[in-house]
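Have a look at model-v3.cif; it's mmCIF, C-alpha atoms:
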data_final
loop_
_atom_site.group_PDB
_atom_site.id
_atom_site.type_symbol
_atom_site.label_atom_id
_atom_site.label_comp_id
_atom_site.auth_asym_id
_atom_site.auth_seq_id
_atom_site.Cartn_x
_atom_site.Cartn_y
_atom_site.Cartn_z
ATOM 1 C CA PHE A 26 -141.901 41.549 1.753
ATOM 2 C CA SER A 27 -143.442 41.287 -1.728
ATOM 3 C CA SER A 28 -143.820 37.507 -1.522
ATOM 4 C CA PHE A 29 -145.266 37.308 2.000
ATOM 5 C CA VAL A 30 -146.432 40.601 3.553
ATOM 6 C CA ILE A 31 -148.243 42.013 0.495
ATOM 7 C CA PRO A 32 -150.136 38.767 -0.299
ATOM 8 C CA LEU A 33 -151.030 38.423 3.394
ATOM 9 C CA VAL A 34 -152.445 41.950 3.531
ATOM 10 C CA ARG A 35 -154.325 41.513 0.240
ATOM 11 C CA THR A 36 -155.856 38.277 1.480
ATOM 12 C CA ASN A 37 -157.383 39.989 4.513
ATOM 13 C CA PHE A 38 -157.833 43.654 3.609
ATOM 14 C CA TYR A 39 -158.815 46.009 0.826
ATOM 15 C CA LEU A 40 -156.561 49.083 0.891
ATOM 16 C CA THR A 41 -157.648 52.436 -0.449
ATOM 17 C CA PRO A 42 -157.253 56.169 0.195
ATOM 18 C CA SER A 43 -160.371 58.246 0.687
ATOM 19 C CA GLU A 44 -161.559 61.842 0.539
ATOM 20 C CA MET A 45 -161.809 62.132 4.317
ATOM 21 C CA SER A 46 -158.434 60.543 5.167
ATOM 22 C CA GLY A 47 -156.195 62.571 2.857
ATOM 23 C CA LYS A 48 -153.020 60.625 2.072
ATOM 24 C CA ARG A 49 -153.650 58.040 4.790
ATOM 25 C CA ILE A 50 -154.474 54.555 3.557
ATOM 26 C CA LEU A 51 -157.584 52.898 4.975
ATOM 27 C CA TYR A 52 -157.671 49.153 5.641
ATOM 28 C CA TYR A 53 -161.077 47.551 5.110
ATOM 29 C CA ARG A 54 -161.547 43.938 6.066
ATOM 30 C CA ASN A 55 -162.562 42.044 2.944
ATOM 31 C CA PRO A 56 -166.059 41.052 4.216
ATOM 32 C CA VAL A 57 -166.705 44.669 5.241
ATOM 33 C CA TRP A 58 -165.515 45.956 1.883
ATOM 34 C CA SER A 59 -167.729 43.440 0.053
ATOM 35 C CA ILE A 60 -170.793 44.803 1.871
ATOM 36 C CA PHE A 61 -169.691 48.392 1.237
ATOM 37 C CA ARG A 62 -169.137 47.667 -2.466
ATOM 38 C CA ALA A 63 -172.512 45.951 -2.861
ATOM 39 C CA LEU A 64 -174.369 48.812 -1.182
ATOM 40 C CA SER A 65 -172.424 51.380 -3.220
ATOM 41 C CA MET A 66 -173.204 49.699 -6.548
ATOM 42 C CA LYS A 67 -176.870 49.532 -5.569
ATOM 43 C CA LYS A 68 -176.806 53.273 -4.890
ATOM 44 C CA LEU A 69 -175.038 53.938 -8.200
ATOM 45 C CA SER A 70 -177.667 52.066 -10.210
ATOM 46 C CA SER A 71 -179.144 55.416 -11.278
ATOM 47 C CA GLN A 72 -175.829 56.361 -12.955
ATOM 48 C CA TYR A 73 -174.758 52.997 -14.333
ATOM 49 C CA LYS A 74 -176.625 50.293 -16.192
ATOM 50 C CA GLU A 75 -175.766 46.654 -15.658
ATOM 51 C CA LEU A 76 -175.238 44.710 -18.876
ATOM 52 C CA SER A 77 -175.787 41.036 -19.424
ATOM 53 C CA ARG A 78 -172.911 38.947 -20.756
ATOM 54 C CA ASP A 79 -174.568 38.793 -24.183
ATOM 55 C CA GLU A 80 -174.959 42.589 -24.284
ATOM 56 C CA ALA A 81 -171.325 43.056 -23.245
ATOM 57 C CA LYS A 82 -170.123 40.617 -25.914
ATOM 58 C CA ASP A 83 -172.207 42.369 -28.565
ATOM 59 C CA ILE A 84 -170.883 45.836 -27.679
ATOM 60 C CA LEU A 85 -167.238 44.783 -27.326
ATOM 61 C CA GLY A 86 -167.395 42.926 -30.608
ATOM 62 C CA LYS A 87 -168.388 46.066 -32.546
ATOM 63 C CA GLN A 88 -165.844 48.620 -31.334
ATOM 64 C CA ARG A 89 -162.155 49.154 -30.686
ATOM 65 C CA MET A 90 -162.753 50.776 -27.338
ATOM 66 C CA GLY A 91 -163.041 48.297 -24.512
ATOM 67 C CA PHE A 92 -164.226 49.215 -21.053
ATOM 68 C CA SER A 93 -162.821 50.865 -17.952
ATOM 69 C CA ARG A 94 -162.608 49.404 -14.504
ATOM 70 C CA LEU A 95 -164.513 51.289 -11.829
ATOM 71 C CA ARG A 96 -162.829 52.267 -8.591
ATOM 72 C CA LEU A 97 -164.881 53.156 -5.529
ATOM 73 C CA TRP A 98 -163.444 56.072 -3.552
ATOM 74 C CA PRO A 99 -164.977 56.319 -0.039
ATOM 75 C CA LYS A 100 -166.064 59.733 1.145
ATOM 76 C CA ALA A 101 -167.854 61.063 4.203
ATOM 77 C CA THR A 102 -171.295 60.994 2.590
ATOM 78 C CA GLY A 103 -170.995 57.826 0.520
ATOM 79 C CA VAL A 104 -168.751 56.873 -2.369
ATOM 80 C CA ARG A 105 -167.284 58.509 -5.462
ATOM 81 C CA PRO A 106 -167.027 56.264 -8.540
ATOM 82 C CA ILE A 107 -163.835 56.773 -10.558
ATOM 83 C CA ALA A 108 -163.453 55.261 -14.017
ATOM 84 C CA MET A 109 -159.855 54.192 -14.634
ATOM 85 C CA LEU A 110 -159.710 55.522 -18.201
ATOM 86 C CA SER A 111 -155.923 55.479 -18.485
ATOM 87 C CA ASN A 112 -155.504 51.767 -17.767
ATOM 88 C CA ARG A 113 -155.578 49.047 -20.395
ATOM 89 C CA VAL A 114 -157.931 46.185 -19.698
ATOM 90 C CA TRP A 115 -157.627 42.504 -20.480
ATOM 91 C CA THR A 116 -160.624 40.669 -21.866
ATOM 92 C CA ASN A 117 -161.695 38.339 -24.626
ATOM 93 C CA VAL A 118 -165.289 38.479 -25.798
ATOM 94 C CA ASP A 119 -165.188 34.754 -26.621
ATOM 95 C CA GLU A 120 -164.211 33.879 -23.062
ATOM 96 C CA ILE A 121 -166.720 36.015 -21.174
ATOM 97 C CA ASP A 122 -169.171 33.135 -20.851
ATOM 98 C CA ARG A 123 -166.478 30.665 -19.871
ATOM 99 C CA GLY A 124 -165.276 32.620 -16.857
ATOM 100 C CA ARG A 125 -161.635 32.238 -17.834
ATOM 101 C CA ARG A 126 -158.834 34.708 -17.260
ATOM 102 C CA SER A 127 -158.844 36.974 -20.294
ATOM 103 C CA SER A 128 -155.962 36.905 -22.737
ATOM 104 C CA SER A 129 -156.528 39.966 -24.949
ATOM 105 C CA LYS A 130 -155.501 43.512 -24.104
ATOM 106 C CA TRP A 131 -157.755 46.391 -25.115
ATOM 107 C CA GLU A 132 -156.426 49.896 -25.588
ATOM 108 C CA SER A 133 -157.229 52.331 -22.824
ATOM 109 C CA THR A 134 -160.011 54.829 -23.353
ATOM 110 C CA ASN A 135 -157.569 57.723 -23.048
ATOM 111 C CA SER A 136 -155.264 56.350 -25.738
ATOM 112 C CA ILE A 137 -158.139 55.883 -28.189
ATOM 113 C CA LEU A 138 -159.403 59.407 -27.506
ATOM 114 C CA ARG A 139 -155.937 60.979 -27.739
ATOM 115 C CA ASN A 140 -156.666 62.896 -30.968
ATOM 116 C CA PRO A 141 -159.929 64.445 -29.685
ATOM 117 C CA PHE A 142 -158.086 65.333 -26.473
ATOM 118 C CA GLU A 143 -155.450 67.210 -28.476
ATOM 119 C CA ILE A 144 -158.159 69.174 -30.303
ATOM 120 C CA LEU A 145 -159.872 70.029 -27.028
ATOM 121 C CA ARG A 146 -156.544 71.065 -25.520
ATOM 122 C CA ASP A 147 -156.003 73.556 -28.344
ATOM 123 C CA ALA A 148 -159.546 74.827 -27.837
ATOM 124 C CA CYS A 149 -158.839 75.212 -24.124
ATOM 125 C CA VAL A 150 -155.776 77.350 -24.877
ATOM 126 C CA LYS A 151 -157.896 79.509 -27.171
ATOM 127 C CA ILE A 152 -160.558 79.890 -24.488
ATOM 128 C CA HIS A 153 -157.903 80.897 -21.959
ATOM 129 C CA VAL A 154 -156.596 83.585 -24.321
ATOM 130 C CA GLU A 155 -160.114 84.905 -24.878
ATOM 131 C CA LYS A 156 -160.747 84.911 -21.128
ATOM 132 C CA SER A 157 -157.566 86.862 -20.408
ATOM 133 C CA GLY A 158 -158.765 89.540 -22.821
ATOM 134 C CA GLY A 159 -161.163 90.859 -20.218
ATOM 135 C CA ASP A 160 -164.375 89.226 -21.439
ATOM 136 C CA ASP A 161 -166.646 88.576 -18.459
ATOM 137 C CA ILE A 162 -168.471 85.684 -20.112
ATOM 138 C CA PHE A 163 -166.840 83.332 -17.575
ATOM 139 C CA GLY A 164 -167.942 85.341 -14.561
ATOM 140 C CA SER A 165 -165.944 84.214 -11.543
ATOM 141 C CA GLY A 166 -164.745 81.019 -13.207
ATOM 142 C CA VAL A 167 -161.091 80.041 -13.053
ATOM 143 C CA PHE A 168 -159.044 77.519 -15.055
ATOM 144 C CA GLY A 169 -157.183 76.094 -12.075
ATOM 145 C CA LEU A 170 -155.890 76.630 -8.574
ATOM 146 C CA HIS A 171 -153.078 78.820 -9.920
ATOM 147 C CA GLU A 172 -155.664 81.517 -10.726
ATOM 148 C CA LEU A 173 -157.056 81.651 -7.188
ATOM 149 C CA TYR A 174 -154.135 83.537 -5.625
ATOM 150 C CA PRO A 175 -154.265 86.592 -7.958
ATOM 151 C CA ARG A 176 -158.031 86.729 -7.415
ATOM 152 C CA MET A 177 -157.529 86.601 -3.647
ATOM 153 C CA VAL A 178 -154.879 89.338 -3.713
ATOM 154 C CA SER A 179 -157.164 91.592 -5.750
ATOM 155 C CA PHE A 180 -160.056 90.887 -3.383
ATOM 156 C CA LEU A 181 -157.956 91.721 -0.304
ATOM 157 C CA ASP A 182 -156.745 94.961 -1.906
ATOM 158 C CA ASP A 183 -160.346 96.030 -2.536
ATOM 159 C CA LEU A 184 -161.251 95.018 1.013
ATOM 160 C CA LYS A 185 -158.453 97.087 2.524
ATOM 161 C CA ALA A 186 -159.421 100.074 0.372
ATOM 162 C CA ALA A 187 -163.000 99.792 1.624
ATOM 163 C CA GLU A 188 -161.723 99.648 5.206
ATOM 164 C CA ASN A 189 -159.672 102.799 4.720
ATOM 165 C CA ASP A 190 -162.709 104.634 3.379
ATOM 166 C CA ASN A 191 -165.140 103.489 6.077
ATOM 167 C CA ASP A 192 -162.786 102.683 8.974
ATOM 168 C CA GLU A 193 -164.279 99.178 9.123
ATOM 169 C CA TYR A 194 -164.554 96.031 7.043
ATOM 170 C CA PRO A 195 -167.755 95.525 5.078
ATOM 171 C CA PRO A 196 -169.763 92.455 6.117
ATOM 172 C CA LEU A 197 -168.442 89.244 4.587
ATOM 173 C CA HIS A 198 -170.471 86.161 3.737
ATOM 174 C CA PHE A 199 -168.894 82.788 2.938
ATOM 175 C CA VAL A 200 -170.814 80.052 1.167
ATOM 176 C CA SER A 201 -169.638 76.485 0.612
ATOM 177 C CA VAL A 202 -171.644 74.312 -1.766
ATOM 178 C CA ASP A 203 -171.301 70.931 -3.393
ATOM 179 C CA ILE A 204 -173.274 70.453 -6.608
ATOM 180 C CA ARG A 205 -174.550 66.890 -6.811
ATOM 181 C CA GLN A 206 -173.432 65.183 -10.030
ATOM 182 C CA CYS A 207 -172.274 68.537 -11.371
ATOM 183 C CA TYR A 208 -170.847 67.368 -14.689
ATOM 184 C CA ASP A 209 -173.711 64.953 -15.316
ATOM 185 C CA ASN A 210 -176.238 67.772 -14.963
ATOM 186 C CA MET A 211 -174.562 70.341 -17.203
ATOM 187 C CA ASP A 212 -176.727 71.898 -19.885
ATOM 188 C CA GLN A 213 -174.796 70.696 -22.935
ATOM 189 C CA ASP A 214 -176.657 72.969 -25.374
ATOM 190 C CA PHE A 215 -175.955 76.060 -23.270
ATOM 191 C CA LEU A 216 -172.300 75.051 -22.928
ATOM 192 C CA LEU A 217 -171.966 74.625 -26.695
ATOM 193 C CA GLU A 218 -173.533 78.027 -27.370
ATOM 194 C CA THR A 219 -171.164 79.635 -24.857
ATOM 195 C CA LEU A 220 -168.168 78.056 -26.568
ATOM 196 C CA LYS A 221 -169.386 79.303 -29.943
ATOM 197 C CA GLU A 222 -169.293 82.858 -28.566
ATOM 198 C CA VAL A 223 -165.705 82.372 -27.414
ATOM 199 C CA LEU A 224 -164.272 80.395 -30.327
ATOM 200 C CA ASP A 225 -164.601 82.638 -33.349
ATOM 201 C CA GLU A 226 -162.846 80.208 -35.697
ATOM 202 C CA PRO A 227 -164.955 77.578 -37.555
ATOM 203 C CA GLN A 228 -163.282 74.547 -35.935
#
Could you take the file, read its structure, and then write that structure out as structure tokens?
Amino acid sequence: FSSFVIPLVRTNFYLTPSEMSGKRILYYRNPVWSIFRALSMKKLSSQYKELSRDEAKDILGKQRMGFSRLRLWPKATGVRPIAMLSNRVWTNVDEIDRGRRSSSKWESTNSILRNPFEILRDACVKIHVEKSGGDDIFGSGVFGLHELYPRMVSFLDDLKAAENDNDEYPPLHFVSVDIRQCYDNMDQDFLLETLKEVLDEPQ
């Protein structure tokens, strides 16, 4: 299987899950995927900047952190780029121009940023404690799916109480939105000021 079927499939298809298929794997013929990838990268040119080989060599030669491979995740309205930050990458700045298979392994982005992650994790715990104290600075924000159920139960209790008072449900309005490039468009200064209000300790 691993010596015949898998190489045969890889030779003819690119396999990937997608947002619209759930856990089902999609099989793209390699020529079709090449066109899809080229069009997707052209569309993503506003988010990513292409570097020349000289620029890449210069940057990689000055830092410990290497680079992350980009995975394209098909969705109904286009593609979602996913940076594989947890994977180590192989490259050698001296061999970029020669087109050879790289022989040096760079640390993954996540491993290099482990210490800052630990600091941010502690800050996140602190923020959660502050939020549970009843401060409404977060509005309707939640820290994960596990907080949705208690919110829903409380909402339904209020709804049933309103029905008992008025013998009918109040009108309900449901809105579904998708913020384009949400994290890219965050107001960093406003976010920092909000965190300063929550985190009362100097760090």
Nearby residues (all atoms listed in the file) at most 10 Å from Ser65 in chain A, same-chain spacing under 5 positions excluded, as number ranges by chain:
A: 59-60, 70, 97, 99, 103-106
For Trp58 in chain A, which of A:Leu181, A:Ser28, A:Trp98, A:Gln72 is the closest residue, counting only C-alpha atoms?
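Looking at the shortest contact to Trp58 in chain A, the residue is A:Trp98.
If you measure from each of A:Lys67, A:Arg78, A:Arg96, A:Arg139 to Pro42 in chain A using all atoms listed in the file, the closest one turns out to be A:Arg96.
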Residues in the PyMOL selection byres ((chain A and resi 196-203) around 12), expressed as an NGL selection string
:A and (102 or 180-181 or 184 or 187-188 or 191 or 193-195 or 204-208)
Give as an MDAnalysis selection string the residues that the PyMOL selection byres ((chain A and resi 133) around 12) matches when applied to the coordinates above.
chainID A and resid 89:94 108:115 130:132 134:139
Please compute the CA of Lys68 in chain A-CA of Gly47 in chain A distance, one decimal, in Å.
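Between CA of Lys68 in chain A and CA of Gly47 in chain A the gap is 23.9 Å.
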Looking at all atoms listed in the file, which of A:Leu145, A:Ala63, A:Ile31, A:Ile152 is the one that sits closest to Val167 in chain A?
A:Ile152
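CA of Gly86 in chain A lies 22.7 Å from CA of Asn140 in chain A.
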Gap from CA of Lys100 in chain A to CA of Gly169 in chain A - Å, one decimal
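These two atoms are separated by 22.8 Å.
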Edge lengths and centre, in Å to one decimal, as JSON: that's what I need for the box along x, y and z that holds all listed atoms of range 71-77 of chain A plus 8 Å on each side.
{"center_x": -177.0, "center_y": 48.7, "center_z": -15.4, "size_x": 20.4, "size_y": 31.3, "size_z": 24.1}
Residue nearest Ile50 in chain A among A:Phe38, A:Leu76, A:Leu64, A:Lys185 (counting all atoms listed in the file):
A:Phe38
Where atoms are absent from range 34-50 of chain A, fill them in so it carries N, CA, C and O atoms, then output it as an mmCIF file, keeping the file's coordinate frame.
data_model
loop_
_atom_site.group_PDB
_atom_site.id
_atom_site.type_symbol
_atom_site.label_atom_id
_atom_site.label_comp_id
_atom_site.auth_asym_id
_atom_site.auth_seq_id
_atom_site.Cartn_x
_atom_site.Cartn_y
_atom_site.Cartn_z
ATOM 1 N N VAL A 34 -151.568 40.792 3.360
ATOM 2 C CA VAL A 34 -152.445 41.950 3.531
ATOM 3 C C VAL A 34 -153.591 41.902 2.530
ATOM 4 O O VAL A 34 -154.752 42.139 2.874
ATOM 5 N N ARG A 35 -153.285 41.574 1.264
ATOM 6 C CA ARG A 35 -154.325 41.513 0.240
ATOM 7 C C ARG A 35 -155.359 40.435 0.540
ATOM 8 O O ARG A 35 -156.537 40.582 0.196
ATOM 9 N N THR A 36 -154.933 39.365 1.161
ATOM 10 C CA THR A 36 -155.856 38.277 1.480
ATOM 11 C C THR A 36 -156.885 38.705 2.523
ATOM 12 O O THR A 36 -158.030 38.236 2.508
ATOM 13 N N ASN A 37 -156.511 39.631 3.388
ATOM 14 C CA ASN A 37 -157.383 39.989 4.513
ATOM 15 C C ASN A 37 -157.990 41.386 4.422
ATOM 16 O O ASN A 37 -159.010 41.643 5.069
ATOM 17 N N PHE A 38 -157.377 42.269 3.625
ATOM 18 C CA PHE A 38 -157.833 43.654 3.609
ATOM 19 C C PHE A 38 -157.917 44.198 2.187
ATOM 20 O O PHE A 38 -157.209 43.729 1.285
ATOM 21 N N TYR A 39 -158.791 45.192 2.040
ATOM 22 C CA TYR A 39 -158.815 46.009 0.826
ATOM 23 C C TYR A 39 -158.277 47.373 1.221
ATOM 24 O O TYR A 39 -158.811 48.022 2.131
ATOM 25 N N LEU A 40 -157.221 47.823 0.549
ATOM 26 C CA LEU A 40 -156.561 49.083 0.891
ATOM 27 C C LEU A 40 -156.944 50.160 -0.101
ATOM 28 O O LEU A 40 -156.937 49.937 -1.308
ATOM 29 N N THR A 41 -157.273 51.327 0.428
ATOM 30 C CA THR A 41 -157.648 52.436 -0.449
ATOM 31 C C THR A 41 -157.525 53.763 0.292
ATOM 32 O O THR A 41 -157.750 53.822 1.506
ATOM 33 N N PRO A 42 -157.137 54.832 -0.405
ATOM 34 C CA PRO A 42 -157.253 56.169 0.195
ATOM 35 C C PRO A 42 -158.705 56.604 0.138
ATOM 36 O O PRO A 42 -159.560 55.914 -0.429
ATOM 37 N N SER A 43 -159.002 57.737 0.706
ATOM 38 C CA SER A 43 -160.371 58.246 0.687
ATOM 39 C C SER A 43 -160.341 59.759 0.762
ATOM 40 O O SER A 43 -159.304 60.362 1.054
ATOM 41 N N GLU A 44 -161.489 60.384 0.493
ATOM 42 C CA GLU A 44 -161.559 61.842 0.539
ATOM 43 C C GLU A 44 -161.372 62.360 1.957
ATOM 44 O O GLU A 44 -160.829 63.431 2.166
ATOM 45 N N MET A 45 -161.852 61.615 2.951
ATOM 46 C CA MET A 45 -161.809 62.132 4.317
ATOM 47 C C MET A 45 -160.502 61.814 5.043
ATOM 48 O O MET A 45 -160.219 62.376 6.088
ATOM 49 N N SER A 46 -159.669 60.921 4.479
ATOM 50 C CA SER A 46 -158.434 60.543 5.167
ATOM 51 C C SER A 46 -157.186 61.174 4.565
ATOM 52 O O SER A 46 -156.085 60.944 5.054
ATOM 53 N N GLY A 47 -157.354 61.949 3.481
ATOM 54 C CA GLY A 47 -156.195 62.571 2.857
ATOM 55 C C GLY A 47 -155.276 61.535 2.246
ATOM 56 O O GLY A 47 -155.699 60.681 1.479
ATOM 57 N N LYS A 48 -153.995 61.566 2.621
ATOM 58 C CA LYS A 48 -153.020 60.625 2.072
ATOM 59 C C LYS A 48 -152.928 59.337 2.883
ATOM 60 O O LYS A 48 -152.183 58.431 2.519
ATOM 61 N N ARG A 49 -153.662 59.255 3.975
ATOM 62 C CA ARG A 49 -153.650 58.040 4.790
ATOM 63 C C ARG A 49 -154.394 56.920 4.067
ATOM 64 O O ARG A 49 -155.424 57.135 3.459
ATOM 65 N N ILE A 50 -153.856 55.719 4.174
ATOM 66 C CA ILE A 50 -154.474 54.555 3.557
ATOM 67 C C ILE A 50 -155.406 53.888 4.560
ATOM 68 O O ILE A 50 -155.029 53.660 5.721
#
